[in-house]
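K.L.:
If it helps, the file is called my_file_25.pdb and holds PDB, C-alpha atoms:
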```
ATOM      1  CA  MET F  14     -20.783  -3.162 -15.516
ATOM      2  CA  SER F  15     -20.758   0.608 -15.929
ATOM      3  CA  ALA F  16     -18.452   2.553 -18.242
ATOM      4  CA  PRO F  17     -14.814   2.821 -17.127
ATOM      5  CA  HIS F  18     -14.887   6.561 -16.499
ATOM      6  CA  LEU F  19     -18.010   6.223 -14.329
ATOM      7  CA  ASP F  20     -16.305   3.467 -12.334
ATOM      8  CA  VAL F  21     -13.299   5.712 -11.812
ATOM      9  CA  GLU F  22     -15.579   8.537 -10.630
ATOM     10  CA  GLN F  23     -17.214   6.191  -8.134
ATOM     11  CA  VAL F  24     -13.845   5.060  -6.810
ATOM     12  CA  GLU F  25     -12.661   8.654  -6.445
ATOM     13  CA  ALA F  26     -15.882   9.475  -4.599
ATOM     14  CA  ALA F  27     -15.365   6.539  -2.213
ATOM     15  CA  ASN F  28     -11.778   7.648  -1.610
ATOM     16  CA  THR F  29     -12.895  11.223  -0.864
ATOM     17  CA  ALA F  30     -15.703   9.970   1.379
ATOM     18  CA  PHE F  31     -13.209   7.966   3.410
ATOM     19  CA  TYR F  32     -11.015  10.991   4.164
ATOM     20  CA  GLU F  33     -14.055  13.162   4.897
ATOM     21  CA  ALA F  34     -15.319  10.580   7.382
ATOM     22  CA  VAL F  35     -11.949  10.658   9.184
ATOM     23  CA  GLU F  36     -11.955  14.474   9.143
ATOM     24  CA  GLN F  37     -15.431  14.494  10.655
ATOM     25  CA  GLY F  38     -14.530  11.865  13.259
ATOM     26  CA  ASP F  39     -17.457   9.810  11.949
ATOM     27  CA  PHE F  40     -16.498   6.371  13.198
ATOM     28  CA  ASP F  41     -19.655   4.664  11.896
ATOM     29  CA  ARG F  42     -19.013   5.996   8.394
ATOM     30  CA  VAL F  43     -15.339   4.984   8.523
ATOM     31  CA  SER F  44     -16.410   1.539   9.690
ATOM     32  CA  ASP F  45     -18.956   1.281   6.863
ATOM     33  CA  LEU F  46     -16.440   2.318   4.189
ATOM     34  CA  TRP F  47     -13.990  -0.428   5.194
ATOM     35  CA  LEU F  48     -14.731  -3.760   3.498
ATOM     36  CA  SER F  49     -16.471  -6.517   5.472
ATOM     37  CA  PRO F  50     -16.447 -10.161   4.403
ATOM     38  CA  SER F  51     -20.259  -9.892   4.408
ATOM     39  CA  ASP F  52     -19.984  -7.232   1.657
ATOM     40  CA  LEU F  53     -18.552 -10.036  -0.493
ATOM     41  CA  GLY F  54     -21.291 -12.479   0.530
ATOM     42  CA  ILE F  55     -18.913 -14.370   2.826
ATOM     43  CA  ASP F  56     -20.306 -15.740   6.065
ATOM     44  CA  GLU F  57     -18.166 -14.116   8.757
ATOM     45  CA  THR F  58     -18.103 -17.312  10.822
ATOM     46  CA  TYR F  59     -16.466 -19.258   7.965
ATOM     47  CA  HIS F  60     -12.700 -19.422   8.013
ATOM     48  CA  ASP F  61     -11.704 -18.798   4.427
ATOM     49  CA  PRO F  62      -8.230 -20.195   3.689
ATOM     50  CA  ALA F  63      -7.633 -17.247   1.325
ATOM     51  CA  ASP F  64      -8.799 -14.630   3.882
ATOM     52  CA  ALA F  65     -10.919 -13.049   1.138
ATOM     53  CA  GLY F  66     -11.892  -9.514   2.029
ATOM     54  CA  VAL F  67      -9.711  -9.352   5.156
ATOM     55  CA  ILE F  68      -8.623  -5.730   5.495
ATOM     56  CA  SER F  69      -5.220  -4.313   6.368
ATOM     57  CA  CYS F  70      -4.022  -0.847   7.301
ATOM     58  CA  VAL F  71      -0.676   0.880   7.811
ATOM     59  CA  HIS F  72      -0.690   4.342   9.402
ATOM     60  CA  PRO F  73       2.460   6.437   8.837
ATOM     61  CA  GLY F  74       5.318   4.878  10.795
ATOM     62  CA  TRP F  75       3.144   2.076  12.176
ATOM     63  CA  PRO F  76       3.393  -1.689  11.732
ATOM     64  CA  VAL F  77       0.658  -3.509   9.754
ATOM     65  CA  LEU F  78      -2.805  -3.831  11.295
ATOM     66  CA  THR F  79      -4.892  -6.760   9.992
ATOM     67  CA  GLY F  80      -8.626  -7.439  10.251
ATOM     68  CA  ARG F  81     -11.555  -5.192  11.168
ATOM     69  CA  GLY F  82     -10.931  -5.452  14.914
ATOM     70  CA  GLU F  83      -7.369  -4.094  14.852
ATOM     71  CA  VAL F  84      -7.995  -1.596  12.072
ATOM     72  CA  LEU F  85     -11.157  -0.048  13.490
ATOM     73  CA  ARG F  86      -9.681   0.147  17.002
ATOM     74  CA  SER F  87      -6.824   2.199  15.536
ATOM     75  CA  TYR F  88      -9.295   4.686  14.058
ATOM     76  CA  ALA F  89     -11.156   4.953  17.363
ATOM     77  CA  LEU F  90      -7.806   5.718  19.040
ATOM     78  CA  ILE F  91      -6.778   8.265  16.391
ATOM     79  CA  MET F  92     -10.139  10.019  16.553
ATOM     80  CA  ALA F  93     -10.039  10.167  20.351
ATOM     81  CA  ASN F  94      -6.638  11.872  20.215
ATOM     82  CA  THR F  95      -7.266  14.288  17.343
ATOM     83  CA  ASP F  96      -9.225  17.487  17.791
ATOM     84  CA  TYR F  97      -8.728  18.648  14.243
ATOM     85  CA  ILE F  98      -7.565  16.947  11.073
ATOM     86  CA  GLN F  99      -7.893  17.960   7.464
ATOM     87  CA  PHE F 100      -6.660  16.204   4.338
ATOM     88  CA  PHE F 101      -5.833  18.135   1.177
ATOM     89  CA  LEU F 102      -5.588  15.367  -1.397
ATOM     90  CA  THR F 103      -3.383  15.887  -4.432
ATOM     91  CA  ASP F 104      -1.975  13.628  -7.166
ATOM     92  CA  VAL F 105      -4.990  11.312  -6.966
ATOM     93  CA  HIS F 106      -4.527   8.453  -9.432
ATOM     94  CA  VAL F 107      -6.851   5.505 -10.010
ATOM     95  CA  SER F 108      -5.931   2.224 -11.701
ATOM     96  CA  LEU F 109      -9.007   0.045 -12.028
ATOM     97  CA  THR F 110      -8.853  -3.576 -13.153
ATOM     98  CA  GLY F 111     -11.968  -5.735 -12.933
ATOM     99  CA  ASP F 112     -13.485  -5.413  -9.471
ATOM    100  CA  THR F 113     -10.423  -3.906  -7.786
ATOM    101  CA  ALA F 114      -9.218  -0.320  -7.851
ATOM    102  CA  LEU F 115      -5.891   1.025  -6.642
ATOM    103  CA  VAL F 116      -5.871   4.665  -5.620
ATOM    104  CA  THR F 117      -2.635   6.487  -4.918
ATOM    105  CA  CYS F 118      -2.679  10.008  -3.538
ATOM    106  CA  THR F 119      -0.724  12.544  -1.566
ATOM    107  CA  GLU F 120      -2.330  13.405   1.770
ATOM    108  CA  ASN F 121      -1.331  16.937   2.716
ATOM    109  CA  ILE F 122      -2.394  16.733   6.368
ATOM    110  CA  LEU F 123      -3.057  19.554   8.769
ATOM    111  CA  SER F 124      -3.888  18.337  12.271
ATOM    112  CA  GLY F 125      -4.063  19.398  15.870
ATOM    113  CA  GLY F 126      -4.141  17.450  19.107
ATOM    114  CA  PRO F 127      -6.643  17.876  21.931
ATOM    115  CA  ALA F 128      -6.403  20.683  24.452
ATOM    116  CA  PRO F 129      -4.406  19.741  27.565
ATOM    117  CA  ALA F 130      -6.344  18.442  30.573
ATOM    118  CA  ASP F 131      -5.844  21.729  32.430
ATOM    119  CA  GLY F 132      -8.176  23.447  29.982
ATOM    120  CA  GLY F 133      -5.536  25.388  28.036
ATOM    121  CA  ALA F 134      -5.679  26.134  24.333
ATOM    122  CA  PRO F 135      -5.717  23.249  21.835
ATOM    123  CA  GLY F 136      -2.348  21.962  20.677
ATOM    124  CA  PRO F 137      -0.635  23.642  17.719
ATOM    125  CA  LEU F 138      -1.508  22.651  14.164
ATOM    126  CA  VAL F 139       1.009  20.341  12.537
ATOM    127  CA  GLY F 140       1.503  19.776   8.816
ATOM    128  CA  GLN F 141       2.506  16.374   7.430
ATOM    129  CA  LEU F 142       3.310  15.160   3.934
ATOM    130  CA  VAL F 143       2.065  11.597   3.539
ATOM    131  CA  VAL F 144       1.483   9.351   0.523
ATOM    132  CA  ALA F 145      -1.123   6.602   0.459
ATOM    133  CA  THR F 146      -2.037   3.538  -1.550
ATOM    134  CA  ASN F 147      -5.693   2.648  -1.067
ATOM    135  CA  THR F 148      -7.124  -0.559  -2.522
ATOM    136  CA  PHE F 149     -10.878  -0.632  -3.082
ATOM    137  CA  ARG F 150     -13.094  -3.607  -3.913
ATOM    138  CA  ARG F 151     -16.365  -3.404  -5.822
ATOM    139  CA  THR F 152     -19.287  -4.778  -3.765
ATOM    140  CA  PRO F 153     -23.076  -4.685  -4.134
ATOM    141  CA  ALA F 154     -22.984  -1.881  -1.526
ATOM    142  CA  GLY F 155     -20.461   0.176  -3.518
ATOM    143  CA  TRP F 156     -16.682   0.429  -3.503
ATOM    144  CA  LYS F 157     -15.204  -0.510  -0.130
ATOM    145  CA  LEU F 158     -11.707  -0.033   1.244
ATOM    146  CA  TRP F 159      -9.751  -3.297   1.362
ATOM    147  CA  SER F 160      -6.333  -1.850   2.236
ATOM    148  CA  HIS F 161      -4.869   1.507   3.247
ATOM    149  CA  HIS F 162      -1.108   2.052   3.432
ATOM    150  CA  ALA F 163       0.095   5.546   4.317
ATOM    151  CA  SER F 164       3.681   6.648   4.843
ATOM    152  CA  PRO F 165       5.605   9.833   5.493
ATOM    153  CA  VAL F 166       7.474  11.416   2.600
ATOM    154  CA  LEU F 167      10.883  11.955   4.153
ATOM    155  CA  ALA F 168      12.364  13.797   1.185
ATOM    156  CA  GLU F 169      11.251  14.614  -2.307
ATOM    157  CA  GLY F 170      13.897  13.428  -4.698
ATOM    158  CA  ASP F 171      16.888  15.068  -3.040
ATOM    159  CA  ASP F 172      18.179  12.351  -0.770
ATOM    160  CA  GLU F 173      18.747   9.416  -3.044
ATOM    161  CA  GLU F 174      21.854   8.542  -1.076
ATOM    162  CA  ASP F 175      19.812   7.948   2.056
ATOM    163  CA  ASP F 176      17.066   5.940   0.419
ATOM    164  CA  ASP F 177      18.885   3.955  -2.188
ATOM    165  CA  THR F 178      18.748   0.685  -0.317
ATOM    166  CA  ALA F 179      14.967   0.773  -0.172
ATOM    167  CA  ALA F 180      12.834  -1.660  -2.083
TER     168      ALA F 180
ATOM    169  CA  MET G  18      -9.775 -21.702 -10.884
ATOM    170  CA  SER G  19      -7.567 -23.619  -8.483
ATOM    171  CA  ALA G  20      -8.296 -24.267  -4.826
ATOM    172  CA  PRO G  21      -7.923 -21.265  -2.488
ATOM    173  CA  HIS G  22      -4.939 -22.654  -0.614
ATOM    174  CA  LEU G  23      -3.074 -23.333  -3.875
ATOM    175  CA  ASP G  24      -3.771 -19.777  -5.023
ATOM    176  CA  VAL G  25      -2.384 -18.474  -1.750
ATOM    177  CA  GLU G  26       0.752 -20.594  -2.188
ATOM    178  CA  GLN G  27       1.246 -19.175  -5.679
ATOM    179  CA  VAL G  28       0.866 -15.615  -4.419
ATOM    180  CA  GLU G  29       3.342 -16.242  -1.606
ATOM    181  CA  ALA G  30       5.774 -17.696  -4.144
ATOM    182  CA  ALA G  31       5.429 -14.619  -6.389
ATOM    183  CA  ASN G  32       6.007 -12.349  -3.391
ATOM    184  CA  THR G  33       9.131 -14.287  -2.391
ATOM    185  CA  ALA G  34      10.383 -14.303  -5.992
ATOM    186  CA  PHE G  35      10.064 -10.528  -6.148
ATOM    187  CA  TYR G  36      12.266  -9.983  -3.084
ATOM    188  CA  GLU G  37      14.779 -12.575  -4.284
ATOM    189  CA  ALA G  38      15.037 -10.808  -7.628
ATOM    190  CA  VAL G  39      15.820  -7.527  -5.851
ATOM    191  CA  GLU G  40      18.365  -9.289  -3.613
ATOM    192  CA  GLN G  41      20.049 -10.743  -6.674
ATOM    193  CA  GLY G  42      19.996  -7.434  -8.535
ATOM    194  CA  ASP G  43      18.170  -9.242 -11.341
ATOM    195  CA  PHE G  44      16.592  -6.305 -13.147
ATOM    196  CA  ASP G  45      15.021  -8.421 -15.894
ATOM    197  CA  ARG G  46      13.308 -10.643 -13.356
ATOM    198  CA  VAL G  47      12.097  -7.636 -11.343
ATOM    199  CA  SER G  48      10.789  -6.126 -14.566
ATOM    200  CA  ASP G  49       9.012  -9.370 -15.462
ATOM    201  CA  LEU G  50       7.362  -9.699 -12.040
ATOM    202  CA  TRP G  51       5.809  -6.222 -12.287
ATOM    203  CA  LEU G  52       2.472  -6.202 -14.113
ATOM    204  CA  SER G  53       2.319  -5.001 -17.723
ATOM    205  CA  PRO G  54      -0.916  -3.941 -19.420
ATOM    206  CA  SER G  55      -0.099  -6.638 -21.997
ATOM    207  CA  ASP G  56      -0.311  -9.261 -19.199
ATOM    208  CA  LEU G  57      -3.987  -8.286 -18.988
ATOM    209  CA  GLY G  58      -4.455  -8.440 -22.762
ATOM    210  CA  ILE G  59      -4.481  -4.639 -23.030
ATOM    211  CA  ASP G  60      -2.838  -3.062 -26.064
ATOM    212  CA  GLU G  61      -0.179  -0.782 -24.603
ATOM    213  CA  THR G  62      -0.853   1.905 -27.202
ATOM    214  CA  TYR G  63      -4.496   2.223 -26.075
ATOM    215  CA  HIS G  64      -5.199   4.890 -23.483
ATOM    216  CA  ASP G  65      -7.531   3.162 -21.040
ATOM    217  CA  PRO G  66      -9.585   5.720 -19.076
ATOM    218  CA  ALA G  67      -9.410   3.409 -16.050
ATOM    219  CA  ASP G  68      -5.616   2.943 -16.318
ATOM    220  CA  ALA G  69      -6.143  -0.796 -15.870
ATOM    221  CA  GLY G  70      -2.955  -2.541 -14.876
ATOM    222  CA  VAL G  71      -0.972   0.676 -14.385
ATOM    223  CA  ILE G  72       1.535  -0.033 -11.631
ATOM    224  CA  SER G  73       2.545   2.127  -8.679
ATOM    225  CA  CYS G  74       5.356   1.916  -6.153
ATOM    226  CA  VAL G  75       6.323   3.694  -2.934
ATOM    227  CA  HIS G  76       9.800   3.064  -1.531
ATOM    228  CA  PRO G  77      10.293   3.910   2.161
ATOM    229  CA  GLY G  78      10.167   7.694   2.566
ATOM    230  CA  TRP G  79       9.612   8.303  -1.145
ATOM    231  CA  PRO G  80       6.714   9.889  -3.009
ATOM    232  CA  VAL G  81       4.535   7.718  -5.278
ATOM    233  CA  LEU G  82       6.003   6.414  -8.541
ATOM    234  CA  THR G  83       3.452   5.575 -11.251
ATOM    235  CA  GLY G  84       3.817   3.517 -14.423
ATOM    236  CA  ARG G  85       6.481   1.065 -15.574
ATOM    237  CA  GLY G  86       8.888   3.791 -16.696
ATOM    238  CA  GLU G  87       9.166   5.532 -13.319
ATOM    239  CA  VAL G  88       8.955   2.366 -11.263
ATOM    240  CA  LEU G  89      11.558   0.377 -13.174
ATOM    241  CA  ARG G  90      13.958   3.329 -13.331
ATOM    242  CA  SER G  91      13.799   3.470  -9.514
ATOM    243  CA  TYR G  92      14.841  -0.185  -9.296
ATOM    244  CA  ALA G  93      17.706   0.378 -11.708
ATOM    245  CA  LEU G  94      18.849   3.268  -9.488
ATOM    246  CA  ILE G  95      18.488   1.272  -6.273
ATOM    247  CA  MET G  96      20.360  -1.705  -7.711
ATOM    248  CA  ALA G  97      23.164   0.530  -8.994
ATOM    249  CA  ASN G  98      23.634   1.968  -5.505
ATOM    250  CA  THR G  99      23.313  -1.207  -3.464
ATOM    251  CA  ASP G 100      26.126  -3.721  -3.169
ATOM    252  CA  TYR G 101      24.283  -6.002  -0.809
ATOM    253  CA  ILE G 102      20.669  -6.296   0.239
ATOM    254  CA  GLN G 103      18.831  -9.091   1.982
ATOM    255  CA  PHE G 104      15.179  -9.282   3.013
ATOM    256  CA  PHE G 105      14.085 -11.447   5.923
ATOM    257  CA  LEU G 106      10.319 -11.535   5.462
ATOM    258  CA  THR G 107       8.121 -12.043   8.511
ATOM    259  CA  ASP G 108       4.393 -11.673   9.245
ATOM    260  CA  VAL G 109       3.490 -12.548   5.653
ATOM    261  CA  HIS G 110      -0.291 -12.376   5.256
ATOM    262  CA  VAL G 111      -2.308 -12.968   2.082
ATOM    263  CA  SER G 112      -5.896 -11.847   1.475
ATOM    264  CA  LEU G 113      -7.077 -13.124  -1.889
ATOM    265  CA  THR G 114     -10.366 -12.044  -3.469
ATOM    266  CA  GLY G 115     -11.134 -13.042  -7.054
ATOM    267  CA  ASP G 116      -8.169 -12.195  -9.249
ATOM    268  CA  THR G 117      -6.465  -9.824  -6.815
ATOM    269  CA  ALA G 118      -4.291 -10.672  -3.834
ATOM    270  CA  LEU G 119      -3.074  -8.327  -1.114
ATOM    271  CA  VAL G 120       0.117  -9.368   0.638
ATOM    272  CA  THR G 121       1.290  -7.589   3.759
ATOM    273  CA  CYS G 122       4.670  -8.399   5.251
ATOM    274  CA  THR G 123       7.474  -7.087   7.383
ATOM    275  CA  GLU G 124      10.730  -6.612   5.457
ATOM    276  CA  ASN G 125      13.611  -6.963   7.876
ATOM    277  CA  ILE G 126      16.281  -5.480   5.610
ATOM    278  CA  LEU G 127      20.036  -5.785   5.866
ATOM    279  CA  SER G 128      21.845  -3.736   3.248
ATOM    280  CA  GLY G 129      25.181  -2.235   2.367
ATOM    281  CA  GLY G 130      26.187   0.481  -0.052
ATOM    282  CA  PRO G 131      28.954   0.307  -2.651
ATOM    283  CA  ALA G 132      32.606   0.716  -1.791
ATOM    284  CA  PRO G 133      33.854   4.298  -2.064
ATOM    285  CA  ALA G 134      35.486   5.359  -5.319
ATOM    286  CA  ASP G 135      38.954   5.316  -3.701
ATOM    287  CA  GLY G 136      38.743   1.550  -3.505
ATOM    288  CA  GLY G 137      38.168   1.256   0.263
ATOM    289  CA  ALA G 138      36.048  -1.361   1.964
ATOM    290  CA  PRO G 139      32.318  -1.547   1.151
ATOM    291  CA  GLY G 140      30.034   0.614   3.285
ATOM    292  CA  PRO G 141      28.772  -0.737   6.609
ATOM    293  CA  LEU G 142      25.707  -2.963   6.758
ATOM    294  CA  VAL G 143      22.550  -1.180   7.831
ATOM    295  CA  GLY G 144      19.410  -2.783   9.263
ATOM    296  CA  GLN G 145      15.975  -1.370   8.537
ATOM    297  CA  LEU G 146      12.500  -2.320   9.722
ATOM    298  CA  VAL G 147      10.027  -1.784   6.905
ATOM    299  CA  VAL G 148       6.443  -2.934   6.316
ATOM    300  CA  ALA G 149       4.991  -3.481   2.872
ATOM    301  CA  THR G 150       1.631  -3.891   1.190
ATOM    302  CA  ASN G 151       1.997  -5.676  -2.146
ATOM    303  CA  THR G 152      -0.972  -6.034  -4.489
ATOM    304  CA  PHE G 153      -0.793  -8.863  -7.029
ATOM    305  CA  ARG G 154      -3.027  -9.496 -10.034
ATOM    306  CA  ARG G 155      -3.715 -12.908 -11.543
ATOM    307  CA  THR G 156      -2.662 -13.070 -15.205
ATOM    308  CA  PRO G 157      -2.230 -15.889 -17.751
ATOM    309  CA  ALA G 158       1.525 -15.563 -17.020
ATOM    310  CA  GLY G 159       1.058 -15.951 -13.266
ATOM    311  CA  TRP G 160       0.605 -13.510 -10.404
ATOM    312  CA  LYS G 161       2.145 -10.122 -11.177
ATOM    313  CA  LEU G 162       2.864  -7.164  -8.906
ATOM    314  CA  TRP G 163       0.405  -4.302  -9.444
ATOM    315  CA  SER G 164       1.438  -2.148  -6.489
ATOM    316  CA  HIS G 165       4.179  -2.091  -3.857
ATOM    317  CA  HIS G 166       4.053   0.316  -0.918
ATOM    318  CA  ALA G 167       6.835   0.063   1.666
ATOM    319  CA  SER G 168       7.339   2.297   4.685
ATOM    320  CA  PRO G 169       9.637   2.529   7.673
ATOM    321  CA  VAL G 170       8.322   1.390  11.038
ATOM    322  CA  LEU G 171       9.224   4.362  13.193
ATOM    323  CA  ALA G 172       8.079   2.833  16.461
ATOM    324  CA  GLU G 173       6.303  -0.338  17.469
ATOM    325  CA  GLY G 174       3.321   0.565  19.590
ATOM    326  CA  ASP G 175       5.104   2.789  22.078
ATOM    327  CA  ASP G 176       4.656   6.244  20.609
ATOM    328  CA  GLU G 177       0.955   6.535  20.061
ATOM    329  CA  GLU G 178       1.166  10.168  21.124
ATOM    330  CA  ASP G 179       3.392  10.947  18.166
ATOM    331  CA  ASP G 180       1.399   9.037  15.619
ATOM    332  CA  ASP G 181      -2.131   9.630  16.689
ATOM    333  CA  THR G 182      -2.908  12.100  13.960
ATOM    334  CA  ALA G 183      -2.081   9.550  11.310
ATOM    335  CA  ALA G 184      -4.750   8.217   9.001
TER     336      ALA G 184
END
```
Do you think you could lay out the structure here as structure tokens?

P.N.:
Amino acid sequence: MSAPHLDVEQVEAANTAFYEAVEQGDFDRVSDLWLSPSDLGIDETYHDPADAGVISCVHPGWPVLTGRGEVLRSYALIMANTDYIQFFLTDVHVSLTGDTALVTCTENILSGGPAPADGGAPGPLVGQLVVATNTFRRTPAGWKLWSHHASPVLAEGDDEEDDDTAA
Amino acid sequence: MSAPHLDVEQVEAANTAFYEAVEQGDFDRVSDLWLSPSDLGIDETYHDPADAGVISCVHPGWPVLTGRGEVLRSYALIMANTDYIQFFLTDVHVSLTGDTALVTCTENILSGGPAPADGGAPGPLVGQLVVATNTFRRTPAGWKLWSHHASPVLAEGDDEEDDDTAA
């Protein structure tokens, strides 16, 4: 096992690579960065009662997506409907325990939709403040994304009255 | 190590216990169910470069909270401002790999705020649809919560146009 700070650097690099792949609309790279049961040496035809390595994903405001089929279809859909997207990551924090790493970060997103069918100008750029928890798993092929949960930040500390029933 | 299906049952029980502790306003139990570095045998005075076992939490619409101080203060605040809260968990899914378990679930929340200071009736009950990703870590003291990320479901599959820049 490598030194802790090198592990953390590798996890940060995998996290950055994931957002860059989405920015570039590189579906194959996104697909490769998400964990597969085969990355863990699990035969994909075997039904594991613990669902080891089964991925899950929550896009902002969405319900949970589970398994590579649902998750990767959502990225294909997002990429097809996004002409431009850029993530400015801030507050990146890694907590690494054994072969699992939790990354939390703020995704400052700037995005634009496709041009309308009548050939007009592309849609306006929209800014979004989103926070994410990304869980990575160490595999022989590097750190792979096991879970991504992203959600809109609706207020920053000034609306405790609205949010105080959350848990 | 126990059989996979027994591990999954233990993780589900820890997940249920966490929500019950919040429902009951049992701060000590909530505090105990969140992972401590000492649960992993880490001396809390040691600064681990990998921040092993450092917890994080995102309440719906909130920014990321990191570390036991911030996270537990948020629960104290939520409990102080909530007279009644009940979670009806659905779609509970566990993916367990090694000593880490990812639980995704839908929190169907019914909650009510405190009565106003003038002694009137308690605030009205409010329903919320929230999804959560909870990451648990196996410890000698049982499965402990390493990360909780909860977010509002803003639409269920019928507003892809609005959400298609999400990632």

K.L.:
I'd like to see the residues matched by the ChimeraX specification (/G :<7) & /F on this file, and ideally I'd get them as a PyMOL selection string.

P.N.:
chain F and resi 17-18+21+62-67+72-77+91+94-95+107-110+124+144+146+162+164-169+177-180

K.L.:
Rounded to one decimal place, report the CA of Arg81 (chain F)-CA of Arg42 (chain F) distance in Å.

P.N.:
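CA of Arg81 (chain F) sits 13.7 Å away from CA of Arg42 (chain F).
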
K.L.:
Kindly resolve the PyMOL selection byres ((chain G and resi 53) around 12) on the present coordinates and return the residues as a VMD selection string.

P.N.:
chain G and resid 47 to 52 54 to 61 68 to 73 84 to 86 88 to 89 153 to 164

K.L.:
Have a look at CA of Leu102 (chain F) and CA of Ala26 (chain F) and let me know their distance in Å, one decimal.

P.N.:
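Computing it gives 12.3 Å between the two atoms.
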
K.L.:
Starting from 3 Å padding per side, set up an axis-aligned box that covers all listed atoms of region 21-31 of chain G and hand over centre and edge lengths in Å, one decimal, as AutoDock Vina command-line options.

P.N.:
```
--center_x -1.1 --center_y -19.0 --center_z -3.5 --size_x 19.7 --size_y 14.7 --size_z 11.8
```

K.L.:
Mind giving me the straight-line distance from CA of Gln41 (chain G) to CA of Ala93 (chain G) in Å, one decimal?

P.N.:
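A separation of 12.4 Å between them.
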